[in-house]
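File shown here: query.txt, holding compact mmCIF, C-alpha atoms (C1' of nucleotides).
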```
# COMPACT_ATOMS: atom_id res chain seq x y z
CA MET A 288 24.73 9.94 25.91
CA VAL A 289 21.66 8.62 27.61
CA VAL A 290 18.66 7.78 25.50
CA ASN A 291 15.34 7.35 27.14
CA ARG A 292 13.15 9.85 25.41
CA LEU A 293 11.96 9.99 21.85
CA ASP A 294 13.27 13.54 21.70
CA ASP A 295 16.81 12.30 22.32
CA VAL A 296 16.54 9.95 19.36
CA VAL A 297 15.34 12.75 17.09
CA THR A 298 18.08 15.06 18.37
CA GLY A 299 20.74 12.42 17.78
CA ALA A 300 19.39 11.67 14.31
CA LEU A 301 19.53 15.37 13.40
CA GLU A 302 23.12 15.56 14.61
CA VAL A 303 24.06 12.62 12.38
CA LEU A 304 22.14 14.16 9.48
CA ASP A 305 23.90 17.49 9.83
CA ALA A 306 27.33 15.88 10.19
CA TYR A 307 27.17 13.22 7.47
CA GLY A 308 24.19 13.95 5.23
CA LEU A 309 21.03 12.00 4.48
CA GLU A 310 22.88 9.31 2.52
CA PHE A 311 24.76 8.24 5.63
CA CYS A 312 22.03 8.92 8.16
CA SER A 313 21.25 5.25 8.71
CA MET A 314 19.48 3.75 11.69
CA ARG A 315 22.72 1.96 12.55
CA ARG A 316 24.72 5.18 12.48
CA VAL A 317 22.17 7.04 14.58
CA ALA A 318 22.24 4.18 17.06
CA GLY A 319 26.05 4.25 17.14
CA HIS A 320 25.99 8.01 17.73
CA LEU A 321 23.66 7.43 20.68
CA ASP A 322 25.84 4.57 22.00
CA VAL A 323 23.03 2.13 21.66
CA GLN A 324 22.29 -1.01 19.64
CA PRO A 325 20.39 -0.46 16.35
CA SER A 326 17.46 -2.47 17.62
CA ALA A 327 17.05 -0.09 20.56
CA LEU A 328 15.77 2.64 18.23
CA TYR A 329 12.71 0.55 17.43
CA HIS A 330 11.56 0.93 20.98
CA HIS A 331 11.08 4.65 20.31
CA VAL A 332 10.10 4.75 16.68
CA ALA A 333 8.16 2.39 14.41
CA ASP A 334 10.53 2.62 11.44
CA LYS A 335 12.98 4.89 9.64
CA GLN A 336 10.29 6.77 7.73
CA THR A 337 8.63 7.76 11.01
CA LEU A 338 11.94 8.98 12.38
CA LEU A 339 12.52 11.08 9.25
CA ALA A 340 9.06 12.61 9.62
CA LEU A 341 9.83 13.58 13.23
CA MET A 342 13.13 15.08 12.09
CA ALA A 343 11.28 17.09 9.44
CA ASP A 344 8.81 18.39 12.02
CA ARG A 345 11.67 19.54 14.23
CA ILE A 346 13.47 21.28 11.36
CA VAL A 347 10.46 23.48 10.64
CA ALA A 348 9.25 23.72 14.24
CA ASP A 349 10.17 27.38 14.71
CA VAL A 350 8.79 28.62 11.40
CA GLU A 351 5.92 30.96 12.20
CA VAL A 352 3.57 33.35 10.44
CA SER A 353 3.83 37.03 11.15
CA ALA A 354 0.57 38.63 12.17
CA ALA A 355 1.16 42.00 10.53
CA GLY A 356 1.55 43.07 6.93
CA SER A 357 -0.14 42.52 3.59
CA VAL A 358 -0.94 39.08 2.28
CA ARG A 359 2.07 39.28 -0.04
CA GLU A 360 4.38 40.34 2.79
CA ARG A 361 3.18 37.65 5.16
CA ALA A 362 3.49 34.94 2.51
CA ARG A 363 6.97 36.12 1.54
CA SER A 364 8.26 36.15 5.10
CA LEU A 365 6.75 32.77 5.94
CA VAL A 366 8.27 31.19 2.90
CA ARG A 367 11.65 32.79 3.53
CA ALA A 368 11.64 31.51 7.11
CA LEU A 369 10.78 28.03 5.85
CA ARG A 370 13.65 28.14 3.39
CA ALA A 371 16.08 29.36 6.06
CA ALA A 372 15.04 26.58 8.44
CA MET A 373 15.58 23.91 5.79
CA LEU A 374 18.93 25.35 4.71
CA ALA A 375 20.12 25.42 8.32
CA VAL A 376 20.66 21.66 8.45
CA ARG A 377 22.41 19.52 5.89
CA ASP A 378 19.93 17.93 3.43
CA GLY A 379 17.16 19.60 5.44
CA ALA A 380 15.19 20.52 2.32
CA GLU A 381 15.13 16.96 1.06
CA VAL A 382 14.04 15.60 4.44
CA VAL A 383 11.24 18.15 4.83
CA ALA A 384 10.08 17.93 1.20
CA THR A 385 9.88 14.14 1.29
CA ALA A 386 8.08 14.00 4.62
CA SER A 387 5.73 16.71 3.46
CA ALA A 388 4.96 14.80 0.27
CA PHE A 389 3.97 11.74 2.28
CA ARG A 390 1.43 13.42 4.49
CA LEU A 391 0.18 16.29 2.37
CA GLY A 392 -1.71 18.90 4.27
CA ALA A 393 -0.65 17.65 7.69
CA SER A 394 2.10 20.18 8.36
CA GLN A 395 1.60 23.40 10.27
CA VAL A 396 3.52 25.51 7.75
CA GLU A 397 1.24 24.38 4.94
CA ALA A 398 -1.85 25.16 7.02
CA ASP A 399 -0.42 28.60 7.82
CA LEU A 400 0.27 29.32 4.16
CA VAL A 401 -3.24 28.25 3.15
CA ASP A 402 -4.52 30.58 5.83
CA VAL A 403 -2.47 33.56 4.66
CA LEU A 404 -3.26 33.10 0.98
CA ALA A 405 -6.85 31.92 1.47
CA ASP A 406 -6.22 29.59 -1.47
CA LYS A 407 -5.40 25.92 -0.98
CA GLN A 408 -4.22 25.24 -4.52
CA GLY A 409 -2.23 28.47 -4.53
CA ALA A 410 -0.51 27.58 -1.27
CA ARG A 411 0.39 24.14 -2.62
CA THR A 412 1.79 25.65 -5.82
CA LEU A 413 3.97 28.07 -3.89
CA LEU A 414 5.09 25.36 -1.48
CA LEU A 415 6.13 23.02 -4.29
CA PHE A 416 8.28 25.79 -5.71
CA VAL A 417 9.82 26.52 -2.31
CA PHE A 418 10.72 22.88 -1.72
CA GLY A 419 12.11 22.36 -5.21
CA HIS A 420 14.15 25.54 -5.25
CA THR A 421 15.53 25.02 -1.76
CA GLN A 422 16.51 21.43 -2.53
CA ALA A 423 18.30 22.62 -5.66
CA THR A 424 20.03 25.36 -3.67
CA GLN A 425 21.20 22.94 -1.04
CA MET A 426 22.53 20.47 -3.61
CA HIS A 427 24.26 23.30 -5.44
CA ARG A 428 25.93 24.50 -2.25
CA MET A 429 27.17 21.03 -1.37
CA ALA A 430 28.63 20.60 -4.85
CA ALA A 431 30.23 24.04 -4.66
CA SER A 432 31.69 23.44 -1.20
CA VAL A 433 33.42 20.34 -2.56
CA GLY A 434 34.74 22.41 -5.46
CA ALA A 435 32.82 20.37 -8.02
CA ILE A 436 31.13 23.50 -9.33
CA GLU A 437 31.51 27.31 -9.27
CA PRO A 438 29.18 28.77 -6.65
CA ASP A 439 26.16 30.77 -7.82
CA PRO A 440 25.81 33.93 -5.67
CA ASP A 441 22.33 34.73 -6.97
CA LEU A 442 20.35 31.90 -5.44
CA ASP A 443 18.65 34.12 -2.86
CA ALA A 444 17.52 36.55 -5.53
CA SER A 445 16.46 33.66 -7.74
CA PHE A 446 14.32 32.31 -4.91
CA ASP A 447 12.65 35.67 -4.35
CA ARG A 448 11.96 36.05 -8.06
CA GLY A 449 10.33 32.63 -8.21
CA VAL A 450 8.19 33.43 -5.18
CA ASP A 451 7.17 36.72 -6.77
CA ILE A 452 6.19 34.96 -9.99
CA VAL A 453 3.89 32.61 -8.14
CA LEU A 454 2.45 35.35 -5.90
CA ARG A 455 1.82 37.63 -8.88
CA GLY A 456 -0.09 34.83 -10.58
CA LEU A 457 -1.99 34.19 -7.42
CA LEU A 458 -3.01 37.56 -6.01
CA MET B 49 17.65 -12.09 -22.22
CA VAL B 50 20.91 -11.10 -23.83
CA VAL B 51 22.69 -8.04 -22.56
CA ASN B 52 25.41 -6.52 -24.58
CA ARG B 53 24.31 -3.03 -25.12
CA LEU B 54 23.89 -0.19 -22.66
CA ASP B 55 20.37 0.27 -24.02
CA ASP B 56 19.44 -3.23 -22.87
CA VAL B 57 20.52 -2.40 -19.33
CA VAL B 58 18.45 0.79 -19.31
CA THR B 59 15.45 -1.08 -20.77
CA GLY B 60 15.74 -3.81 -18.17
CA ALA B 61 16.10 -1.28 -15.37
CA LEU B 62 12.95 0.53 -16.51
CA GLU B 63 11.06 -2.77 -16.57
CA VAL B 64 12.12 -3.45 -12.99
CA LEU B 65 11.22 0.11 -11.98
CA ASP B 66 7.75 -0.13 -13.49
CA ALA B 67 7.12 -3.54 -11.97
CA TYR B 68 8.43 -3.04 -8.44
CA GLY B 69 8.98 0.69 -7.88
CA LEU B 70 12.08 2.73 -7.15
CA GLU B 71 12.50 1.30 -3.67
CA PHE B 72 13.12 -2.18 -5.07
CA CYS B 73 14.92 -1.14 -8.23
CA SER B 74 18.32 -2.26 -6.98
CA MET B 75 21.35 -3.04 -9.09
CA ARG B 76 21.05 -6.64 -7.96
CA ARG B 77 17.42 -6.90 -8.99
CA VAL B 78 18.08 -5.32 -12.38
CA ALA B 79 20.94 -7.77 -12.85
CA GLY B 80 18.70 -10.66 -11.87
CA HIS B 81 16.03 -9.49 -14.32
CA LEU B 82 18.68 -9.47 -17.06
CA ASP B 83 19.96 -12.92 -16.01
CA VAL B 84 23.36 -11.55 -15.25
CA GLN B 85 25.60 -11.16 -12.21
CA PRO B 86 25.34 -7.78 -10.41
CA SER B 87 28.94 -6.98 -11.23
CA ALA B 88 28.21 -7.27 -14.95
CA LEU B 89 26.22 -4.03 -14.84
CA TYR B 90 29.36 -2.11 -13.99
CA HIS B 91 30.78 -2.92 -17.36
CA HIS B 92 28.02 -0.77 -18.91
CA VAL B 93 27.47 1.90 -16.30
CA ALA B 94 29.73 3.66 -13.80
CA ASP B 95 27.33 3.47 -10.87
CA LYS B 96 23.66 3.41 -9.90
CA GLN B 97 23.27 7.17 -10.10
CA THR B 98 24.39 7.13 -13.72
CA LEU B 99 21.93 4.37 -14.53
CA LEU B 100 19.11 6.37 -12.93
CA ALA B 101 20.05 9.41 -15.02
CA LEU B 102 19.90 7.31 -18.20
CA MET B 103 16.51 5.97 -17.14
CA ALA B 104 15.30 9.53 -16.58
CA ASP B 105 16.48 10.57 -20.03
CA ARG B 106 14.59 7.69 -21.60
CA ILE B 107 11.39 8.47 -19.68
CA VAL B 108 11.26 12.00 -21.10
CA ALA B 109 12.81 11.13 -24.47
CA ASP B 110 9.63 11.61 -26.51
CA VAL B 111 8.54 14.86 -24.88
CA GLU B 112 8.66 17.52 -27.57
CA VAL B 113 7.70 21.16 -28.06
CA SER B 114 4.95 22.00 -30.47
CA ALA B 115 5.91 24.57 -33.08
CA ALA B 116 2.54 26.28 -33.32
CA GLY B 117 0.48 28.29 -30.85
CA SER B 118 0.95 31.09 -28.39
CA VAL B 119 3.66 31.06 -25.76
CA ARG B 120 1.11 30.07 -23.16
CA GLU B 121 -0.26 27.24 -25.29
CA ARG B 122 3.17 25.87 -26.15
CA ALA B 123 4.29 25.97 -22.53
CA ARG B 124 1.09 24.30 -21.38
CA SER B 125 1.32 21.46 -23.88
CA LEU B 126 5.02 20.86 -23.23
CA VAL B 127 4.47 20.68 -19.52
CA ARG B 128 1.45 18.41 -19.90
CA ALA B 129 3.45 16.04 -22.11
CA LEU B 130 6.24 16.00 -19.53
CA ARG B 131 3.78 15.16 -16.79
CA ALA B 132 2.19 12.38 -18.86
CA ALA B 133 5.59 10.86 -19.64
CA MET B 134 6.56 10.79 -15.98
CA LEU B 135 3.20 9.36 -14.88
CA ALA B 136 3.50 6.60 -17.50
CA VAL B 137 6.08 4.67 -15.48
CA ARG B 138 5.95 3.85 -11.80
CA ASP B 139 7.90 6.39 -9.72
CA GLY B 140 8.81 8.11 -12.99
CA ALA B 141 8.36 11.59 -11.53
CA GLU B 142 10.77 10.91 -8.67
CA VAL B 143 13.40 9.46 -10.99
CA VAL B 144 13.20 12.37 -13.43
CA ALA B 145 13.00 15.05 -10.73
CA THR B 146 16.03 13.70 -8.87
CA ALA B 147 18.15 13.27 -11.99
CA SER B 148 17.13 16.72 -13.14
CA ALA B 149 18.11 18.22 -9.80
CA PHE B 150 21.57 16.73 -10.08
CA ARG B 151 22.42 18.18 -13.46
CA LEU B 152 20.35 21.34 -13.60
CA GLY B 153 19.98 22.77 -17.05
CA ALA B 154 21.32 19.71 -18.82
CA SER B 155 18.00 18.24 -19.91
CA GLN B 156 16.39 18.86 -23.30
CA VAL B 157 12.94 19.55 -21.83
CA GLU B 158 14.33 22.30 -19.62
CA ALA B 159 16.13 23.86 -22.59
CA ASP B 160 12.91 23.70 -24.62
CA LEU B 161 10.92 25.37 -21.86
CA VAL B 162 13.51 28.13 -21.48
CA ASP B 163 13.23 28.61 -25.23
CA VAL B 164 9.44 28.83 -25.25
CA LEU B 165 9.20 31.17 -22.28
CA ALA B 166 12.32 33.17 -23.09
CA ASP B 167 12.91 33.33 -19.34
CA LYS B 168 15.35 31.04 -17.58
CA GLN B 169 14.18 31.73 -14.05
CA GLY B 170 10.55 31.48 -15.13
CA ALA B 171 11.16 28.12 -16.80
CA ARG B 172 12.86 26.80 -13.66
CA THR B 173 10.00 28.01 -11.48
CA LEU B 174 7.42 26.29 -13.67
CA LEU B 175 9.50 23.11 -13.86
CA LEU B 176 9.87 22.89 -10.09
CA PHE B 177 6.10 23.07 -9.78
CA VAL B 178 5.63 20.41 -12.46
CA PHE B 179 8.03 18.00 -10.77
CA GLY B 180 6.63 18.56 -7.31
CA HIS B 181 3.00 18.27 -8.35
CA THR B 182 3.59 15.19 -10.48
CA GLN B 183 5.54 13.47 -7.71
CA ALA B 184 2.69 14.20 -5.29
CA THR B 185 0.16 12.91 -7.84
CA GLN B 186 2.07 9.70 -8.36
CA MET B 187 2.44 9.08 -4.63
CA HIS B 188 -1.24 9.82 -4.13
CA ARG B 189 -2.22 7.35 -6.85
CA MET B 190 -0.06 4.60 -5.39
CA ALA B 191 -1.57 5.16 -1.96
CA ALA B 192 -5.07 5.17 -3.44
CA SER B 193 -4.47 2.01 -5.49
CA VAL B 194 -3.50 0.22 -2.28
CA GLY B 195 -6.67 1.54 -0.66
CA ALA B 196 -4.74 3.53 1.91
CA ILE B 197 -6.54 6.69 0.84
CA GLU B 198 -9.60 7.86 -1.06
CA PRO B 199 -8.61 8.85 -4.62
CA ASP B 200 -8.71 12.52 -5.56
CA PRO B 201 -10.28 12.90 -9.01
CA ASP B 202 -9.25 16.53 -9.41
CA LEU B 203 -5.51 16.13 -9.73
CA ASP B 204 -5.46 16.92 -13.45
CA ALA B 205 -7.40 20.12 -12.90
CA SER B 206 -5.23 20.96 -9.92
CA PHE B 207 -2.15 20.58 -12.10
CA ASP B 208 -3.56 22.86 -14.78
CA ARG B 209 -4.50 25.46 -12.19
CA GLY B 210 -1.00 25.47 -10.76
CA VAL B 211 0.51 25.81 -14.23
CA ASP B 212 -1.84 28.70 -14.94
CA ILE B 213 -0.87 30.45 -11.72
CA VAL B 214 2.80 30.32 -12.65
CA LEU B 215 2.20 31.30 -16.28
CA ARG B 216 -0.01 34.21 -15.25
CA GLY B 217 2.73 35.47 -12.97
CA LEU B 218 5.23 35.00 -15.72
CA LEU B 219 3.67 36.36 -18.89
C1' DA C 53 10.26 0.70 30.06
C1' DC C 54 14.41 0.32 27.82
C1' DC C 55 17.94 -2.15 25.90
C1' DT C 56 21.22 -6.20 24.12
C1' DG C 57 22.71 -9.89 20.92
C1' DA C 58 22.02 -12.41 17.24
C1' DA C 59 20.03 -13.24 13.20
C1' DC C 60 17.54 -12.55 8.40
C1' DA C 61 17.34 -10.91 4.02
C1' DC C 62 19.07 -7.65 1.72
C1' DC C 63 22.31 -3.44 -0.41
C1' DG C 64 26.32 -0.97 -3.91
C1' DT C 65 30.72 -1.70 -5.49
C1' DT C 66 35.36 -3.78 -6.53
C1' DC C 67 38.38 -6.88 -8.59
C1' DA C 68 40.84 -10.84 -10.14
C1' DA C 69 39.84 -14.20 -13.33
C1' DG C 70 37.65 -16.34 -17.21
C1' DT C 71 35.94 -16.44 -22.56
C1' DA D 196 34.31 -6.71 -24.92
C1' DC D 197 31.53 -8.85 -21.76
C1' DC D 198 30.83 -11.54 -17.93
C1' DT D 199 31.50 -14.68 -13.44
C1' DG D 200 32.56 -15.56 -8.53
C1' DA D 201 33.80 -14.10 -4.44
C1' DA D 202 34.44 -10.78 -1.33
C1' DC D 203 33.96 -6.14 1.48
C1' DA D 204 31.56 -3.07 4.08
C1' DC D 205 27.44 -1.92 4.74
C1' DC D 206 21.74 -1.66 5.18
C1' DG D 207 16.48 -1.93 7.85
C1' DT D 208 14.03 -4.74 10.77
C1' DT D 209 12.63 -8.57 14.01
C1' DC D 210 12.68 -10.99 18.15
C1' DA D 211 13.81 -13.57 22.15
C1' DA D 212 16.06 -12.44 26.20
C1' DG D 213 17.86 -9.59 29.78
C1' DT D 214 17.41 -5.54 33.62
```
I'd like the structure from this file rewritten - as structure tokens, please.
Amino acid sequence: MVVNRLDDVVTGALEVLDAYGLEFCSMRRVAGHLDVQPSALYHHVADKQTLLALMADRIVADVEVSAAGSVRERARSLVRALRAAMLAVRDGAEVVATASAFRLGASQVEADLVDVLADKQGARTLLLFVFGHTQATQMHRMAASVGAIEPDPDLDASFDRGVDIVLRGLL
Amino acid sequence: MVVNRLDDVVTGALEVLDAYGLEFCSMRRVAGHLDVQPSALYHHVADKQTLLALMADRIVADVEVSAAGSVRERARSLVRALRAAMLAVRDGAEVVATASAFRLGASQVEADLVDVLADKQGARTLLLFVFGHTQATQMHRMAASVGAIEPDPDLDASFDRGVDIVLRGLL
DNA sequence: ACCTGAACACCGTTCAAGT
DNA sequence: ACCTGAACACCGTTCAAGT
């Protein structure tokens, strides 16, 4: 694989993440996957934290607000799309939640949610729930897939209930 | 310092955590702080994850439910005490949140909150907010103390507002 | 501009051996 | 029971040097 664009590095890093998980998504492994020396990555990216932030941005890149519907409906669908995007890649929730904690308010999804709810604190409250619940879901699924735990089939419903609790308190 | 009890290891680890932060709280550093070889720690603890879980338990050890008051008041005071306990040690929120994510439902605080609210899903929703908000607060304070950011004086109020939103949706 | 090679200062964990 | 010493297989990052 040829690497000469930052996008290729991010793509390769996401492939390593999805295949091995965050714990093993090291700079050295990403470099190896790209058939390049570890030091080569630092020509494209300042450090690992920056790379993780770029990965987070890509994970949520296609999450968009719907134009139609009530406030509750728009918030629900946005937050469901965010959850789906994070669940689509291994350890995606942890990567996005951490990056989002570092630069609070800088993400597009957060801005969209503030816009829909017209309440900054409310949007942050809902978002913190979404991140926490999705991280827990993803950890639970990994543990279940390894057979360490019996799978819980009600996680989707549990997510929706939590979202409803917050929205009911908010609207 | 003499190390012959598991408690001493946990105490030493918490001292290192508070002094240097989670990033530098390595097994080797904890061992060095205890004047012991790194391998000695493994006589007391199975691995680093286990040690972190014990540290988390100690951080929240003194958080207790009040017997008196309305449901809302008891939930509020429990959750405030939890937040204060986590903020009292550097990176405490991250340590507790991570440990708590690994063994969901195993902590005493979570059991207490389920008891007060008489709603398992509601307790989990509130707890996810508390962890997320407190982690963000702690990161913000570290950044502000280094001068990387202007301090936000309204974080306590912001926390209370978020708690109220969830409780209003819940009760 | 993009990458190599080598080095620096670290990790977590294991395991035989000592007391 | 508690610990040492040495080793194994890794990390992130820097930097001169090559093309």
- Message: I need every residue sitting at most 8 Å from the point (-3.3, 24.0, -7.3) (coordinates as in the file, only C-alpha atoms (C1' of nucleotides) considered), written as a list in words.
- Response: Lys407, Gln408, Gly409, Ala410, Arg411 and Thr412 of chain A; Ala205, Ser206, Phe207, Asp208, Arg209 and Gly210 of chain B
- Message: Could you tell me which residues of chain C sit within 10 Å of chain A when counting all atoms listed in the file, and give me the result as an MDAnalysis selection string?
- Response: chainID C and resid 53:57
- Item | Distance in Å - atom CA of A:Leu338 versus atom CA of A:Leu301 | 10.0 Å
- Write out as a PyMOL selection string every residue belonging to chain B that has an atom at most 12 Å from any atom of chain A, counting all atoms listed in the file. chain B and resi 142+145-153+167-191+196-197+202-203+205-219
Kindly export the residues of the current selection with C-alpha atoms, as a PDB file, in the frame of the given file.
```
ATOM      1  CA  GLU B 142      10.770  10.910  -8.670  1.00  0.00           C
ATOM      2  CA  ALA B 145      13.000  15.050 -10.730  1.00  0.00           C
ATOM      3  CA  THR B 146      16.030  13.700  -8.870  1.00  0.00           C
ATOM      4  CA  ALA B 147      18.150  13.270 -11.990  1.00  0.00           C
ATOM      5  CA  SER B 148      17.130  16.720 -13.140  1.00  0.00           C
ATOM      6  CA  ALA B 149      18.110  18.220  -9.800  1.00  0.00           C
ATOM      7  CA  PHE B 150      21.570  16.730 -10.080  1.00  0.00           C
ATOM      8  CA  ARG B 151      22.420  18.180 -13.460  1.00  0.00           C
ATOM      9  CA  LEU B 152      20.350  21.340 -13.600  1.00  0.00           C
ATOM     10  CA  GLY B 153      19.980  22.770 -17.050  1.00  0.00           C
ATOM     11  CA  ASP B 167      12.910  33.330 -19.340  1.00  0.00           C
ATOM     12  CA  LYS B 168      15.350  31.040 -17.580  1.00  0.00           C
ATOM     13  CA  GLN B 169      14.180  31.730 -14.050  1.00  0.00           C
ATOM     14  CA  GLY B 170      10.550  31.480 -15.130  1.00  0.00           C
ATOM     15  CA  ALA B 171      11.160  28.120 -16.800  1.00  0.00           C
ATOM     16  CA  ARG B 172      12.860  26.800 -13.660  1.00  0.00           C
ATOM     17  CA  THR B 173      10.000  28.010 -11.480  1.00  0.00           C
ATOM     18  CA  LEU B 174       7.420  26.290 -13.670  1.00  0.00           C
ATOM     19  CA  LEU B 175       9.500  23.110 -13.860  1.00  0.00           C
ATOM     20  CA  LEU B 176       9.870  22.890 -10.090  1.00  0.00           C
ATOM     21  CA  PHE B 177       6.100  23.070  -9.780  1.00  0.00           C
ATOM     22  CA  VAL B 178       5.630  20.410 -12.460  1.00  0.00           C
ATOM     23  CA  PHE B 179       8.030  18.000 -10.770  1.00  0.00           C
ATOM     24  CA  GLY B 180       6.630  18.560  -7.310  1.00  0.00           C
ATOM     25  CA  HIS B 181       3.000  18.270  -8.350  1.00  0.00           C
ATOM     26  CA  THR B 182       3.590  15.190 -10.480  1.00  0.00           C
ATOM     27  CA  GLN B 183       5.540  13.470  -7.710  1.00  0.00           C
ATOM     28  CA  ALA B 184       2.690  14.200  -5.290  1.00  0.00           C
ATOM     29  CA  THR B 185       0.160  12.910  -7.840  1.00  0.00           C
ATOM     30  CA  GLN B 186       2.070   9.700  -8.360  1.00  0.00           C
ATOM     31  CA  MET B 187       2.440   9.080  -4.630  1.00  0.00           C
ATOM     32  CA  HIS B 188      -1.240   9.820  -4.130  1.00  0.00           C
ATOM     33  CA  ARG B 189      -2.220   7.350  -6.850  1.00  0.00           C
ATOM     34  CA  MET B 190      -0.060   4.600  -5.390  1.00  0.00           C
ATOM     35  CA  ALA B 191      -1.570   5.160  -1.960  1.00  0.00           C
ATOM     36  CA  ALA B 196      -4.740   3.530   1.910  1.00  0.00           C
ATOM     37  CA  ILE B 197      -6.540   6.690   0.840  1.00  0.00           C
ATOM     38  CA  ASP B 202      -9.250  16.530  -9.410  1.00  0.00           C
ATOM     39  CA  LEU B 203      -5.510  16.130  -9.730  1.00  0.00           C
ATOM     40  CA  ALA B 205      -7.400  20.120 -12.900  1.00  0.00           C
ATOM     41  CA  SER B 206      -5.230  20.960  -9.920  1.00  0.00           C
ATOM     42  CA  PHE B 207      -2.150  20.580 -12.100  1.00  0.00           C
ATOM     43  CA  ASP B 208      -3.560  22.860 -14.780  1.00  0.00           C
ATOM     44  CA  ARG B 209      -4.500  25.460 -12.190  1.00  0.00           C
ATOM     45  CA  GLY B 210      -1.000  25.470 -10.760  1.00  0.00           C
ATOM     46  CA  VAL B 211       0.510  25.810 -14.230  1.00  0.00           C
ATOM     47  CA  ASP B 212      -1.840  28.700 -14.940  1.00  0.00           C
ATOM     48  CA  ILE B 213      -0.870  30.450 -11.720  1.00  0.00           C
ATOM     49  CA  VAL B 214       2.800  30.320 -12.650  1.00  0.00           C
ATOM     50  CA  LEU B 215       2.200  31.300 -16.280  1.00  0.00           C
ATOM     51  CA  ARG B 216      -0.010  34.210 -15.250  1.00  0.00           C
ATOM     52  CA  GLY B 217       2.730  35.470 -12.970  1.00  0.00           C
ATOM     53  CA  LEU B 218       5.230  35.000 -15.720  1.00  0.00           C
ATOM     54  CA  LEU B 219       3.670  36.360 -18.890  1.00  0.00           C
TER      55      LEU B 219
END
```
- Task: One decimal, Å: what's the distance from atom CA of A:Arg361 over to atom CA of A:Ala398, could you say?
- Result: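 Here the two named atoms are 13.6 Å from each other.
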- Query: Between atom CA of A:Asp378 and atom CA of A:Ser353, what is the spacing in Å?
  - Reply: 26.1 Å
- Residue neighbourhood stretch 201-214 of chain D, 9 Å, all atoms listed in the file, exclusion window fewer than 2 positions, as a ChimeraX atom specification: /A:313-315,326,329,334-335 /C:54-57,59-60,62-66
Stretch 125-136 of chain B from the block above, N, CA and C atoms, as a PDB file, in the first residue's frame, please?
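New file selection02.pdb:
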```
ATOM      1  N   SER B 125     -27.784  14.210  46.437  1.00  0.00           N
ATOM      2  CA  SER B 125     -26.669  14.253  47.384  1.00  0.00           C
ATOM      3  C   SER B 125     -25.717  13.080  47.152  1.00  0.00           C
ATOM      4  N   LEU B 126     -26.261  11.929  46.773  1.00  0.00           N
ATOM      5  CA  LEU B 126     -25.396  10.776  46.485  1.00  0.00           C
ATOM      6  C   LEU B 126     -24.484  11.075  45.295  1.00  0.00           C
ATOM      7  N   VAL B 127     -25.089  11.644  44.293  1.00  0.00           N
ATOM      8  CA  VAL B 127     -24.394  11.898  43.041  1.00  0.00           C
ATOM      9  C   VAL B 127     -23.375  13.043  43.185  1.00  0.00           C
ATOM     10  N   ARG B 128     -23.702  13.984  44.054  1.00  0.00           N
ATOM     11  CA  ARG B 128     -22.746  15.053  44.360  1.00  0.00           C
ATOM     12  C   ARG B 128     -21.550  14.508  45.136  1.00  0.00           C
ATOM     13  N   ALA B 129     -21.822  13.618  46.069  1.00  0.00           N
ATOM     14  CA  ALA B 129     -20.733  13.022  46.858  1.00  0.00           C
ATOM     15  C   ALA B 129     -19.827  12.192  45.955  1.00  0.00           C
ATOM     16  N   LEU B 130     -20.432  11.464  45.026  1.00  0.00           N
ATOM     17  CA  LEU B 130     -19.651  10.669  44.072  1.00  0.00           C
ATOM     18  C   LEU B 130     -18.747  11.565  43.240  1.00  0.00           C
ATOM     19  N   ARG B 131     -19.318  12.648  42.760  1.00  0.00           N
ATOM     20  CA  ARG B 131     -18.530  13.594  41.966  1.00  0.00           C
ATOM     21  C   ARG B 131     -17.371  14.166  42.780  1.00  0.00           C
ATOM     22  N   ALA B 132     -17.657  14.572  44.012  1.00  0.00           N
ATOM     23  CA  ALA B 132     -16.609  15.147  44.862  1.00  0.00           C
ATOM     24  C   ALA B 132     -15.487  14.145  45.113  1.00  0.00           C
ATOM     25  N   ALA B 133     -15.856  12.902  45.356  1.00  0.00           N
ATOM     26  CA  ALA B 133     -14.846  11.866  45.616  1.00  0.00           C
ATOM     27  C   ALA B 133     -13.941  11.662  44.405  1.00  0.00           C
ATOM     28  N   MET B 134     -14.529  11.669  43.222  1.00  0.00           N
ATOM     29  CA  MET B 134     -13.744  11.465  42.006  1.00  0.00           C
ATOM     30  C   MET B 134     -12.852  12.668  41.727  1.00  0.00           C
ATOM     31  N   LEU B 135     -13.379  13.885  41.978  1.00  0.00           N
ATOM     32  CA  LEU B 135     -12.590  15.093  41.729  1.00  0.00           C
ATOM     33  C   LEU B 135     -11.453  15.250  42.730  1.00  0.00           C
ATOM     34  N   ALA B 136     -11.533  14.536  43.859  1.00  0.00           N
ATOM     35  CA  ALA B 136     -10.546  14.708  44.927  1.00  0.00           C
ATOM     36  C   ALA B 136      -9.180  14.125  44.564  1.00  0.00           C
TER      37      ALA B 136
END
```
